[in-house]
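Each remark here refers to the structure printed beneath this line.
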Amino acid sequence: MTTETLVADRSLGTVPVGWDADMAVTALYSAHYRSLVRLAVLLVRDVASAEEVVQDAFVAIHGAWRRLRDTDKALAYLRQSVVNRSRSVLRHRAVVEKYAPKGLPDAPSAENGAIGELERSAVIEALRSLPTRQREALVLRYYGDLSEAEIAHAMGISKGAVKSHTARGMAALRMALEQFS
């Protein structure tokens with residue numbers, strides 16, 4: 001029986017006695033590769049992993065060809081090898097998923113980082129242009145997160161004056177930033 005005859009009969013799972021590993025594995029590969037990949041895809045749910053599993057199974061049978069007791073069962077050996085290797089892939093995935101680091105927050109792109117830096121610079125520059133009392137009131141309120149009473153105490157002014165300085169400072173800041181953009 002020739003390699004061509006074996007390849008032409010896709011249902012054939014046996015290999016003629018006396019064939020060397022190269023001829024036999026080549027014939028089995030030609031006849032059964034696609035069906036074994038389909039089997040592996042059903043098991044591992046990923047075409048690339050399935051193809052790798054089947055390739056590994058063919059490499060293994062090639063290496064073990066001389067140790068096979070019954071070469072007629074080579075296709076059964078391949079199928080079992082594909083199933084076992086698919087199980088190994090699934091076990092490996094489970095371990096990787098279990099111990100994979102949790103998703104890190106997305107780092108801003110260089111462009112977003114540069115824009116953010118420009119915006120911060122613009123706010124700082126606009127704050128510097130404000131009168132001292134307005135700047136102090138805004139910084140204590142929004143950066144220091146202090147209440148109006150705490151700001152009044154820190155600045156030594158009334159709560160009404162804090163409200164006035166904060167409102168005027170925000171209006172001036174808004175106008176300065178509108179000119180920036």
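Residue numbers start at 1 in each chain; chains themselves are named A, B, ... in the order of the structure tokens; ligands are numbered from 1 in the order shown.
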task: Excluding Ala172 (chain A) and residues on its chain fewer than 3 positions from it, collect all residues at most 12 Å away from it, counting only C-alpha atoms, and give them as number ranges by chain.
output: A: 123, 126-131, 134-135, 138, 165-169, 175-179
task: From the DSSP assignment of the backbone, select every residue of region 14-156 of chain A that is helix (DSSP H, G or I), and format the answer as a ChimeraX atom specification.
output: /A:21-44,47-67,71-99,110-129,132-143,148-155
statement: Shortest contact to Ile124 (chain A), candidates A:Leu173, A:Leu42, A:Val25, A:Ser147, atoms counted only C-alpha atoms, goes to A:Leu173
statement: From CA of Gly63 (chain A) to CA of Ala50 (chain A) the spacing works out at 20.1 Å
Phe58 (chain A) environment, 12 Å, only C-alpha atoms, sequence neighbours closer than 5 positions dropped, as a list in words: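 Once the adjacent positions are removed, what remains is Ala21, Asp22, Ala24, Val25, Thr26, Ala27, Leu28, Tyr29, Ser30, His32, Tyr33, Leu36, Val37, Glu51, Glu52, Val53, Gly63, Ala64, Trp65, Ala74, Leu75, Tyr77, Leu78, Arg79, Gln80, Ser81, Val82 and Arg85 of chain A.
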For those residues, write C-alpha atoms to a file as a PDB file, in the first residue's frame.
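out00.pdb was written with the following content:
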ATOM      1  CA  ALA A  21       7.639   6.881  11.460  1.00  0.00           C
ATOM      2  CA  ASP A  22       7.995   9.637   8.866  1.00  0.00           C
ATOM      3  CA  ALA A  24       3.229   6.782   8.776  1.00  0.00           C
ATOM      4  CA  VAL A  25       2.868  10.089  10.589  1.00  0.00           C
ATOM      5  CA  THR A  26       2.759  11.979   7.299  1.00  0.00           C
ATOM      6  CA  ALA A  27      -0.047   9.738   6.079  1.00  0.00           C
ATOM      7  CA  LEU A  28      -1.945  10.060   9.368  1.00  0.00           C
ATOM      8  CA  TYR A  29      -1.448  13.826   9.340  1.00  0.00           C
ATOM      9  CA  SER A  30      -2.795  14.150   5.799  1.00  0.00           C
ATOM     10  CA  HIS A  32      -6.783  13.118  10.038  1.00  0.00           C
ATOM     11  CA  TYR A  33      -5.330  16.530  10.871  1.00  0.00           C
ATOM     12  CA  LEU A  36      -8.367  16.190  15.123  1.00  0.00           C
ATOM     13  CA  VAL A  37      -8.233  19.996  15.060  1.00  0.00           C
ATOM     14  CA  GLU A  51      -3.842  23.513  16.273  1.00  0.00           C
ATOM     15  CA  GLU A  52      -0.964  23.553  18.741  1.00  0.00           C
ATOM     16  CA  VAL A  53      -2.450  20.632  20.672  1.00  0.00           C
ATOM     17  CA  GLY A  63       8.700  10.174  18.719  1.00  0.00           C
ATOM     18  CA  ALA A  64       6.895   7.161  20.150  1.00  0.00           C
ATOM     19  CA  TRP A  65       6.307   5.342  16.867  1.00  0.00           C
ATOM     20  CA  ALA A  74      -2.216   4.955  15.942  1.00  0.00           C
ATOM     21  CA  LEU A  75      -5.331   7.041  15.215  1.00  0.00           C
ATOM     22  CA  TYR A  77      -3.538   7.035  20.210  1.00  0.00           C
ATOM     23  CA  LEU A  78      -3.647  10.405  18.447  1.00  0.00           C
ATOM     24  CA  ARG A  79      -7.241  11.071  19.511  1.00  0.00           C
ATOM     25  CA  GLN A  80      -6.471  10.224  23.115  1.00  0.00           C
ATOM     26  CA  SER A  81      -3.357  12.357  22.979  1.00  0.00           C
ATOM     27  CA  VAL A  82      -5.399  15.306  21.647  1.00  0.00           C
ATOM     28  CA  ARG A  85      -3.345  17.630  25.781  1.00  0.00           C
TER      29      ARG A  85
END
Residue neighbourhood region 88-97 of chain A, 9 Å, only C-alpha atoms, exclusion window fewer than 6 positions, as number ranges by chain: A: 43-44, 49, 53
task: May I ask which of the residues A:Met23, A:Ser109, A:Phe180, A:Leu140 is the closest one to His153 (chain A), counting only C-alpha atoms?
output: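 Comparing A:Met23, A:Ser109, A:Phe180, A:Leu140 against His153 (chain A), the winner is A:Leu140.
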- prompt: Which of these, A:Arg69, A:Ala154, A:Ala137, A:Val41, has the shortest distance to Met170 (chain A) once you count only C-alpha atoms?
  reply: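 Distance minimum relative to Met170 (chain A) lands on A:Ala137.
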- prompt: Neighbours of Lys159 (chain A) within 8 Å (only C-alpha atoms; same-chain residues fewer than 3 positions away dropped), as a VMD selection string?
  reply: chain A and resid 148 to 149 151 to 152 162 to 163
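Comparing the minimum interatomic distances between Arg133 (chain A) and each of A:Val59, A:Leu146, A:Ile157, A:Ile115, counting only C-alpha atoms, we find that A:Ile157 sits nearest.
As for CA of Glu117 (chain A) and CA of Tyr143 (chain A), they are spaced 17.1 Å apart.
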